[in-house]
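Content type TSV, C-alpha atoms and all ligand atoms, from the file final-v3.tsv:
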chain	number	residue	atom	x	y	z
A	1	MET	CA	95.62	17.97	-111.23
A	2	ASP	CA	92.87	16.90	-113.66
A	3	PHE	CA	94.22	13.35	-113.57
A	4	PHE	CA	93.88	13.21	-109.76
A	5	ARG	CA	90.39	14.69	-109.96
A	6	ALA	CA	89.42	12.00	-112.48
A	7	ILE	CA	90.76	9.18	-110.26
A	8	TRP	CA	89.13	10.74	-107.19
A	9	SER	CA	85.73	11.01	-108.90
A	10	LEU	CA	85.99	7.36	-110.06
A	11	PHE	CA	86.10	6.18	-106.43
A	12	PHE	CA	84.46	8.92	-104.42
A	13	GLY	CA	82.09	10.68	-106.84
A	14	ASN	CA	82.37	14.18	-108.26
A	15	PRO	CA	84.53	16.54	-106.19
A	16	GLU	CA	83.72	20.23	-105.81
A	17	LEU	CA	84.25	21.87	-109.19
A	18	THR	CA	86.72	24.74	-109.31
A	19	GLN	CA	85.42	28.18	-110.23
A	20	GLU	CA	87.07	27.94	-113.66
A	21	GLN	CA	85.51	24.49	-114.30
A	22	LYS	CA	82.05	25.85	-113.45
A	23	MET	CA	82.67	28.81	-115.73
A	24	GLN	CA	83.87	26.52	-118.53
A	25	ALA	CA	80.69	24.43	-118.28
A	26	ILE	CA	78.54	27.57	-118.49
A	27	ARG	CA	80.56	28.94	-121.44
A	28	SER	CA	80.06	25.78	-123.46
A	29	ARG	CA	76.30	25.94	-122.84
A	30	VAL	CA	76.10	29.59	-124.00
A	31	ILE	CA	78.57	29.46	-126.90
A	32	PRO	CA	78.26	26.28	-128.99
A	33	GLN	CA	81.52	24.48	-129.75
A	34	ASP	CA	80.78	24.36	-133.51
A	35	PHE	CA	80.14	28.11	-133.69
A	36	ILE	CA	80.71	29.63	-137.19
A	37	HIS	CA	81.38	33.36	-137.41
A	38	LYS	CA	78.55	35.29	-139.10
A	39	VAL	CA	78.92	38.98	-138.21
A	40	ALA	CA	82.50	38.78	-139.55
A	41	ARG	CA	80.91	37.89	-142.92
A	42	CYS	CA	78.30	40.72	-142.91
A	43	GLU	CA	77.45	41.84	-146.44
A	44	THR	CA	79.12	45.27	-146.37
A	45	TYR	CA	82.24	46.09	-144.36
A	46	PRO	CA	81.44	48.76	-141.69
A	47	GLY	CA	82.56	52.40	-141.82
A	48	GLY	CA	81.99	52.82	-145.55
A	49	GLY	CA	83.97	49.72	-146.57
A	50	PRO	CA	83.35	47.49	-149.62
A	51	LYS	CA	81.06	44.52	-150.03
A	52	ARG	CA	82.64	41.31	-148.79
A	53	PHE	CA	83.25	38.37	-151.12
A	54	VAL	CA	80.42	36.00	-150.17
A	55	VAL	CA	81.59	33.01	-148.11
A	56	PRO	CA	78.94	30.28	-147.65
A	57	ASP	CA	78.84	28.55	-144.24
A	58	ALA	CA	80.34	25.40	-145.74
A	59	CYS	CA	83.40	27.31	-147.04
A	60	VAL	CA	84.30	29.29	-143.91
A	61	ASP	CA	86.87	26.72	-142.73
A	62	TRP	CA	90.31	27.28	-144.32
A	63	GLU	CA	90.68	23.49	-144.61
A	64	VAL	CA	87.79	23.36	-147.10
A	65	THR	CA	88.93	24.00	-150.68
A	66	PHE	CA	87.24	27.10	-152.11
A	67	ALA	CA	88.93	27.58	-155.49
A	68	LYS	CA	86.78	30.57	-156.45
A	69	TYR	CA	87.65	32.46	-153.26
A	70	ALA	CA	88.72	36.04	-154.17
A	71	PRO	CA	88.57	38.17	-151.01
A	72	VAL	CA	88.43	41.95	-151.47
A	73	PHE	CA	91.48	43.84	-150.15
A	74	TYR	CA	90.48	46.70	-147.84
A	75	GLU	CA	92.31	48.91	-145.38
A	76	ALA	CA	90.42	51.98	-144.10
A	77	PRO	CA	91.86	55.38	-145.20
A	78	ILE	CA	92.65	56.25	-141.54
A	79	LEU	CA	95.32	53.52	-141.50
A	80	GLY	CA	97.16	55.42	-144.24
A	81	LYS	CA	97.80	58.20	-141.70
A	82	GLN	CA	99.72	55.71	-139.56
A	83	PRO	CA	97.97	56.28	-136.23
A	84	VAL	CA	99.87	55.12	-133.12
A	85	TRP	CA	97.42	52.25	-132.56
A	86	ALA	CA	98.15	50.68	-135.96
A	87	ASP	CA	100.97	48.65	-137.50
A	88	ASP	CA	103.25	50.34	-139.98
A	89	PRO	CA	102.78	48.44	-143.29
A	90	LYS	CA	106.46	49.02	-144.12
A	91	GLU	CA	107.39	47.03	-141.00
A	92	ILE	CA	104.98	44.14	-141.57
A	93	ARG	CA	107.79	41.70	-142.42
A	94	LYS	CA	109.27	42.27	-138.95
A	95	ILE	CA	106.08	41.54	-137.00
A	96	GLU	CA	106.50	38.66	-134.57
A	97	TYR	CA	103.31	36.62	-134.67
A	98	ASN	CA	102.04	34.18	-132.03
A	99	ARG	CA	104.07	35.87	-129.27
A	100	ILE	CA	104.46	39.10	-127.41
A	101	ASP	CA	105.84	41.32	-130.14
A	102	LYS	CA	108.49	43.25	-128.22
A	103	ALA	CA	109.32	45.69	-131.02
A	104	CYS	CA	105.70	46.94	-131.11
A	105	ASN	CA	104.92	46.14	-127.45
A	106	VAL	CA	101.83	44.27	-128.65
A	107	ASP	CA	100.44	40.90	-127.62
A	108	ARG	CA	100.15	38.90	-130.86
A	109	THR	CA	99.07	35.67	-129.14
A	110	SER	CA	95.57	34.32	-129.66
A	111	ALA	CA	93.40	32.65	-127.03
A	112	HIS	CA	92.70	30.05	-129.72
A	113	GLY	CA	96.27	28.78	-129.87
A	114	VAL	CA	98.80	29.14	-132.64
A	115	TYR	CA	97.32	30.68	-135.79
A	116	VAL	CA	98.67	30.15	-139.29
A	117	VAL	CA	100.90	32.75	-140.91
A	118	THR	CA	100.81	32.41	-144.71
A	119	GLN	CA	103.93	32.12	-146.88
A	120	GLU	CA	103.41	35.77	-147.82
A	121	GLY	CA	103.68	36.63	-144.11
A	122	PHE	CA	100.01	37.37	-143.31
A	123	PRO	CA	98.26	35.92	-140.23
A	124	ARG	CA	95.09	33.93	-140.85
A	125	ASN	CA	91.83	34.46	-138.98
A	126	PRO	CA	91.51	31.35	-136.72
A	127	LEU	CA	87.73	31.20	-137.26
A	128	GLY	CA	88.05	31.07	-141.06
A	129	ARG	CA	87.33	33.14	-144.18
A	130	THR	CA	85.61	36.54	-144.00
A	131	GLY	CA	85.57	37.77	-147.62
A	132	ILE	CA	87.98	40.68	-146.88
A	133	GLU	CA	91.80	40.74	-146.95
A	134	GLY	CA	93.97	43.34	-145.23
A	135	ARG	CA	93.18	44.99	-141.90
A	136	GLY	CA	89.91	46.78	-142.68
A	137	LEU	CA	89.35	49.16	-139.78
A	138	LEU	CA	91.58	47.29	-137.36
A	139	GLY	CA	95.05	48.54	-136.50
A	140	ARG	CA	96.91	45.28	-135.99
A	141	TYR	CA	97.56	42.33	-138.26
A	142	GLY	CA	96.53	39.25	-136.29
A	143	PRO	CA	94.57	39.54	-133.02
A	144	ASN	CA	93.45	42.99	-131.85
A	145	HIS	CA	92.90	42.70	-128.11
A	146	ALA	CA	90.08	44.37	-126.18
A	147	ALA	CA	88.78	43.98	-122.62
A	148	ASP	CA	85.25	44.31	-121.25
A	149	PRO	CA	84.19	44.92	-117.62
A	150	VAL	CA	80.99	43.07	-116.67
A	151	VAL	CA	80.00	44.98	-113.53
A	152	THR	CA	76.84	43.56	-111.95
A	153	ARG	CA	74.60	43.60	-108.86
A	154	TRP	CA	71.24	42.02	-108.02
A	155	LYS	CA	68.28	44.36	-108.36
A	156	ARG	CA	67.03	44.93	-104.81
A	157	ASN	CA	63.91	46.37	-103.25
A	158	SER	CA	64.88	49.83	-102.01
A	159	GLU	CA	63.20	49.30	-98.61
A	160	THR	CA	63.63	45.62	-97.76
A	161	HIS	CA	66.89	45.20	-99.73
A	162	GLU	CA	65.51	41.80	-100.93
A	163	VAL	CA	66.54	40.63	-104.43
A	164	GLU	CA	63.78	41.35	-106.97
A	165	HIS	CA	62.48	38.67	-109.37
A	166	ASP	CA	60.90	38.79	-112.84
A	167	ALA	CA	57.43	37.38	-113.69
A	168	ASP	CA	58.96	33.87	-114.09
A	169	GLY	CA	60.61	33.99	-110.67
A	170	ASN	CA	64.16	34.60	-111.94
A	171	PRO	CA	66.34	37.01	-109.94
A	172	ILE	CA	67.01	40.22	-111.87
A	173	LEU	CA	70.66	41.08	-112.53
A	174	GLN	CA	71.65	44.66	-113.27
A	175	PHE	CA	74.81	45.61	-115.14
A	176	VAL	CA	76.66	48.80	-115.95
A	177	ALA	CA	75.84	49.57	-119.57
A	178	ILE	CA	77.01	52.39	-121.79
A	179	ARG	CA	75.55	53.69	-125.02
A	180	ARG	CA	78.17	53.66	-127.79
A	181	LYS	CA	78.58	56.86	-129.74
A	182	ASP	CA	79.50	55.02	-132.98
A	183	ASN	CA	76.31	52.97	-133.41
A	184	GLY	CA	73.95	53.97	-130.57
A	185	LEU	CA	73.86	50.42	-129.17
A	186	TRP	CA	73.99	49.62	-125.45
A	187	ALA	CA	77.19	47.78	-124.57
A	188	LEU	CA	79.62	46.87	-121.83
A	189	PRO	CA	82.05	49.74	-121.19
A	190	GLY	CA	84.98	47.98	-122.87
A	191	GLY	CA	87.79	49.09	-125.13
A	192	MET	CA	91.09	48.25	-126.75
A	193	VAL	CA	94.10	47.09	-124.74
A	194	ASP	CA	96.84	49.74	-125.08
A	195	PRO	CA	100.40	48.72	-126.07
A	196	GLY	CA	102.11	47.15	-123.06
A	197	GLU	CA	98.88	47.08	-121.05
A	198	VAL	CA	97.32	43.91	-119.57
A	199	ALA	CA	93.57	43.21	-119.90
A	200	SER	CA	92.99	43.49	-116.13
A	201	ALA	CA	94.25	47.11	-116.29
A	202	THR	CA	92.22	47.86	-119.45
A	203	VAL	CA	88.90	46.85	-117.81
A	204	LYS	CA	89.51	49.34	-114.98
A	205	ARG	CA	90.71	52.13	-117.25
A	206	GLU	CA	87.83	51.70	-119.71
A	207	PHE	CA	85.27	51.46	-116.91
A	208	GLY	CA	86.60	54.76	-115.54
A	209	GLU	CA	86.70	56.49	-118.94
A	210	GLU	CA	83.39	55.28	-120.39
A	211	ALA	CA	81.10	54.71	-117.39
A	212	LEU	CA	82.42	57.38	-114.99
A	213	ASP	CA	83.69	59.96	-117.48
A	214	ALA	CA	86.98	59.97	-115.54
A	215	MET	CA	88.68	61.95	-118.31
A	216	SER	CA	86.62	65.03	-117.35
A	217	LEU	CA	87.42	64.80	-113.63
A	218	SER	CA	90.05	66.89	-111.88
A	219	GLU	CA	93.38	65.19	-111.31
A	220	ALA	CA	92.61	64.62	-107.60
A	221	GLU	CA	89.11	63.23	-108.32
A	222	ALA	CA	90.48	60.96	-111.04
A	223	GLU	CA	93.15	59.63	-108.66
A	224	LYS	CA	90.46	58.84	-106.05
A	225	VAL	CA	88.35	57.02	-108.66
A	226	LYS	CA	91.42	55.07	-109.74
A	227	GLN	CA	92.12	53.96	-106.15
A	228	ASP	CA	88.48	52.93	-105.63
A	229	LEU	CA	88.50	50.96	-108.88
A	230	ASP	CA	91.78	49.25	-107.92
A	231	GLU	CA	90.04	48.00	-104.76
A	232	LEU	CA	86.85	46.83	-106.46
A	233	PHE	CA	88.54	45.22	-109.47
A	234	ASP	CA	91.11	43.28	-107.41
A	235	ALA	CA	92.11	39.74	-108.35
A	236	GLU	CA	89.90	38.25	-105.61
A	237	HIS	CA	86.67	39.74	-107.01
A	238	ALA	CA	87.47	39.52	-110.72
A	239	VAL	CA	86.37	36.42	-112.64
A	240	VAL	CA	87.15	35.91	-116.33
A	241	VAL	CA	83.82	35.25	-118.04
A	242	TYR	CA	85.24	34.87	-121.55
A	243	LYS	CA	88.57	35.12	-123.32
A	244	GLY	CA	88.83	34.75	-127.07
A	245	TYR	CA	87.53	35.58	-130.52
A	246	VAL	CA	84.69	38.05	-131.01
A	247	ASP	CA	82.41	37.76	-134.03
A	248	ASP	CA	82.90	41.45	-134.88
A	249	PRO	CA	81.94	43.21	-138.15
A	250	ARG	CA	85.48	44.67	-138.42
A	251	ASN	CA	87.15	41.25	-138.66
A	252	THR	CA	89.00	40.28	-141.81
A	253	ASP	CA	91.03	37.30	-143.02
A	254	ASN	CA	94.18	38.88	-141.53
A	255	ALA	CA	92.97	40.93	-138.53
A	256	TRP	CA	90.38	40.06	-135.91
A	257	MET	CA	89.03	41.07	-132.48
A	258	GLU	CA	89.62	39.06	-129.32
A	259	THR	CA	88.47	40.14	-125.88
A	260	THR	CA	88.75	39.31	-122.21
A	261	ALA	CA	85.46	39.89	-120.39
A	262	VAL	CA	85.91	40.22	-116.64
A	263	SER	CA	83.04	39.95	-114.17
A	264	ILE	CA	82.98	42.05	-110.99
A	265	HIS	CA	79.91	41.44	-108.86
A	266	ASP	CA	78.69	43.79	-106.16
A	267	SER	CA	77.17	41.16	-103.86
A	268	ASP	CA	76.36	43.74	-101.20
A	269	GLY	CA	74.54	46.05	-103.63
A	270	HIS	CA	76.21	49.19	-102.30
A	271	LEU	CA	79.86	48.87	-103.31
A	272	PHE	CA	79.37	50.94	-106.46
A	273	ASP	CA	77.15	53.57	-104.83
A	274	LYS	CA	80.12	55.88	-104.48
A	275	PHE	CA	80.34	56.24	-108.26
A	276	LYS	CA	78.19	58.53	-110.34
A	277	LEU	CA	77.60	56.77	-113.65
A	278	GLN	CA	78.16	59.12	-116.55
A	279	GLY	CA	79.02	58.33	-120.17
A	280	GLY	CA	82.42	59.58	-121.30
A	281	ASP	CA	84.97	59.11	-124.12
A	282	ASP	CA	83.33	56.75	-126.71
A	283	ALA	CA	80.08	56.56	-124.65
A	284	SER	CA	77.22	59.05	-124.67
A	285	ASP	CA	75.38	57.59	-121.66
A	286	ALA	CA	75.90	55.15	-118.78
A	287	LYS	CA	73.42	53.46	-116.42
A	288	TRP	CA	72.57	50.37	-114.38
A	289	ALA	CA	70.45	48.32	-116.83
A	290	ASP	CA	68.29	45.27	-116.08
A	291	TYR	CA	69.63	42.22	-117.91
A	292	THR	CA	67.06	40.21	-119.84
A	293	PRO	CA	68.12	37.03	-121.70
A	294	GLY	CA	68.58	37.62	-125.43
A	295	MET	CA	68.56	41.43	-125.14
A	296	GLU	CA	70.28	43.27	-127.97
A	297	LEU	CA	73.74	44.47	-126.99
A	298	TYR	CA	76.82	45.37	-129.04
A	299	ALA	CA	79.07	42.58	-130.44
A	300	SER	CA	79.09	39.41	-128.24
A	301	HIS	CA	78.17	41.29	-125.08
A	302	THR	CA	74.84	39.44	-124.73
A	303	ASN	CA	76.80	36.18	-124.49
A	304	PHE	CA	79.10	37.58	-121.80
A	305	MET	CA	76.05	38.72	-119.82
A	306	ALA	CA	74.42	35.30	-120.21
A	307	ILE	CA	77.53	33.60	-118.82
A	308	ALA	CA	77.87	36.10	-115.96
A	309	TYR	CA	74.15	35.70	-115.13
A	310	GLU	CA	74.33	31.92	-114.83
A	311	PHE	CA	77.53	32.07	-112.80
A	312	ARG	CA	76.30	34.72	-110.36
A	313	ARG	CA	72.92	33.02	-110.03
A	314	GLY	CA	74.70	29.80	-109.05
A	315	GLN	CA	76.45	31.73	-106.28
A	316	LEU	CA	73.17	33.29	-105.12
A	317	GLU	CA	71.56	29.87	-104.80
A	318	GLN	CA	74.45	28.37	-102.80
A	401	LIG	C1	84.90	47.12	-127.84
A	401	LIG	C2	84.66	45.94	-126.91
A	401	LIG	C3	84.25	44.74	-127.74
A	401	LIG	C4	85.33	44.47	-128.79
A	401	LIG	C5	84.96	43.32	-129.70
A	401	LIG	C6	85.97	46.75	-128.86
A	401	LIG	O1	86.13	47.82	-129.76
A	401	LIG	O2	85.31	48.26	-127.11
A	401	LIG	O3	83.63	46.27	-126.02
A	401	LIG	O4	84.06	43.59	-126.96
A	401	LIG	O5	85.53	45.62	-129.59
A	401	LIG	O6	83.81	43.56	-130.44
Written as structure tokens, that's how I'd like the structure from this file.
Amino acid sequence: MDFFRAIWSLFFGNPELTQEQKMQAIRSRVIPQDFIHKVARCETYPGGGPKRFVVPDACVDWEVTFAKYAPVFYEAPILGKQPVWADDPKEIRKIEYNRIDKACNVDRTSAHGVYVVTQEGFPRNPLGRTGIEGRGLLGRYGPNHAADPVVTRWKRNSETHEVEHDADGNPILQFVAIRRKDNGLWALPGGMVDPGEVASATVKREFGEEALDAMSLSEAEAEKVKQDLDELFDAEHAVVVYKGYVDDPRNTDNAWMETTAVSIHDSDGHLFDKFKLQGGDDASDAKWADYTPGMELYASHTNFMAIAYEFRRGQLEQ
């Protein structure tokens, strides 16, 4: 397909870009290609963990020799209790990396291609050294998959229904934000993909649990919310904003976060009116927030918002 597009553009100019090509162009503007993880090298490991072995920028890449490298081994005490969301260390030899691990019902593939598994049988962080060995706070060796719903609408004047603009004339995008209980930061209402679950189901489930407090609803109300979400998050409306590595403070040399951020845009401005936003589960609060470039949000969520903003603005201007 790309070959034909290339030939076509040689003779007839640039054809209409596909949605994914437009998204790809925006992604590479927001997230530089030569990105080096930083948060994954934060001085002290979160949740009461140890100090990381210091890895200078120039030594992050596994290909660069770093003879002095002595990462600190750390696995959080909770992993010792063998929670259902974590790998059993006794079974580590049996883990099937770089594929869907059928025994554990866990997706061990990475959006960044095939990752290295060392001779000792440990997967290697595809973005490089972090100063910590083991799983830290993460349950799975290798990629730990999450999913994030990016639910947006244009801010509109309540009487005229016209899109509102900021002082520089840029249209104002609003998004559903939750406040995380663990660190008080505003974030997208995302969460971990459950065993056997696909990311498109996780975004709906997490949106329900964290932004609508669906876990406190009656069975009938929860079923209604589920049906409404199935309609709004259907394949036609959902656009993948980002899929891949997250520069997360919990990452280690052997376990790291990856996410799929999915954008659902309420172009009409009323589609989500039926829902009462209310923080639930890991969220203490939920609201429609105005997006401002560079605003502080949890993890890489500012980047996902920046990509969604550019993409949706392009649609608005069409
Ligand atoms: C959060 C997601 C976030 C991911 C990576 C998960 O625990 O729920 O919102 O994108 O971690 O930081």
Fill in: Pairwise distance for atom CA of Val151 of chain A and atom CA of Asp266 of chain A, rounded to one decimal in Å
7.6 Å
Worksheet item: Do you know which residues are within 10 Å of ligand LIG 401 (chain A) using all atoms listed in the file? Can you write them as a PyMOL selection string?
Response: chain A and resi 138+144-149+178+180+187-193+203+206+210+244-251+256-261+282+298-301+304
Discussion item. Rounded to one decimal, what separation in Å do you get between atom CA of Ala199 of chain A and atom CA of Tyr74 of chain A?
Written reply: 28.3 Å
Discussion item. Excluding Phe275 of chain A and its own-chain neighbours fewer than 6 positions away, which residues fall within 12 Å of it when counting all atoms listed in the file? Please give them as a PyMOL selection string.
Written reply: chain A and resi 176+207-208+211-214+221-222+224-226+228-229+232+286-288
Discussion item. Which residue is closest to Phe35 of chain A? Choose from A:Pro171, A:Pro123, A:Gly128, A:Pro195 and count only C-alpha atoms.
Written reply: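 For Phe35 of chain A, the nearest of the candidates is A:Gly128.
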Discussion item. Can you pull out the residues contacting Ile307 of chain A? Cut-off 7 Å, using all atoms listed in the file, and skip same-chain residues under 5 positions away; I want them as a ChimeraX atom specification.
Written reply: /A:26-27,30,241
Fill in: Residue contacts of Gly142 of chain A (9 Å, all atoms listed in the file) excluding same-chain residues fewer than 6 positions away, as a ChimeraX atom specification
/A:97-98,108-110,115,122-125,135,253-257
Worksheet entry | Using only C-alpha atoms: which of A:Tyr309, A:Trp85, A:Phe73, A:Tyr291 has the shortest distance to Ser263 of chain A |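 Smallest distance to Ser263 of chain A is found for A:Tyr309.
Restricting the calculation to all atoms listed in the file, the smallest distance between Ala201 of chain A and any of A:Leu316, A:Thr130, A:Ala238, A:Val60 is found for A:Ala238.
With all atoms listed in the file as the atoms that count, the minimum distance from Glu91 of chain A to the choices A:Tyr141, A:Cys42, A:Gly47, A:Lys155 is reached by A:Tyr141.
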Practice prompt. Have a look at A:Asp268, A:Arg52, A:Glu310, A:Lys22 and name the one nearest to Glu162 of chain A; count only C-alpha atoms.
Written response: A:Asp268
Practice prompt. Write out as an MDAnalysis selection string each polymer residue whose atoms come within 7 Å of Asp285 of chain A, counting all atoms listed in the file; drop sequence neighbours fewer than 5 positions from it.
Written response: chainID A and resid 178:179 278:279
Response to the item:
Computed gap from atom CA of Lys243 of chain A to atom CA of Asn303 of chain A is 11.9 Å
Discussion item. When you look at Val106 of chain A with a cut-off of 9 Å (counting all atoms listed in the file), what residues show up, excluding the ones that are within fewer than 4 positions of it in the same chain? I need them as an NGL selection string.
Written reply: :A and (99-102 or 140 or 194-197)
Fill in: A:Lys81, A:Arg129, A:Lys94, A:Lys276 ranked by distance to His37 of chain A, top pick (using all atoms listed in the file)
A:Arg129
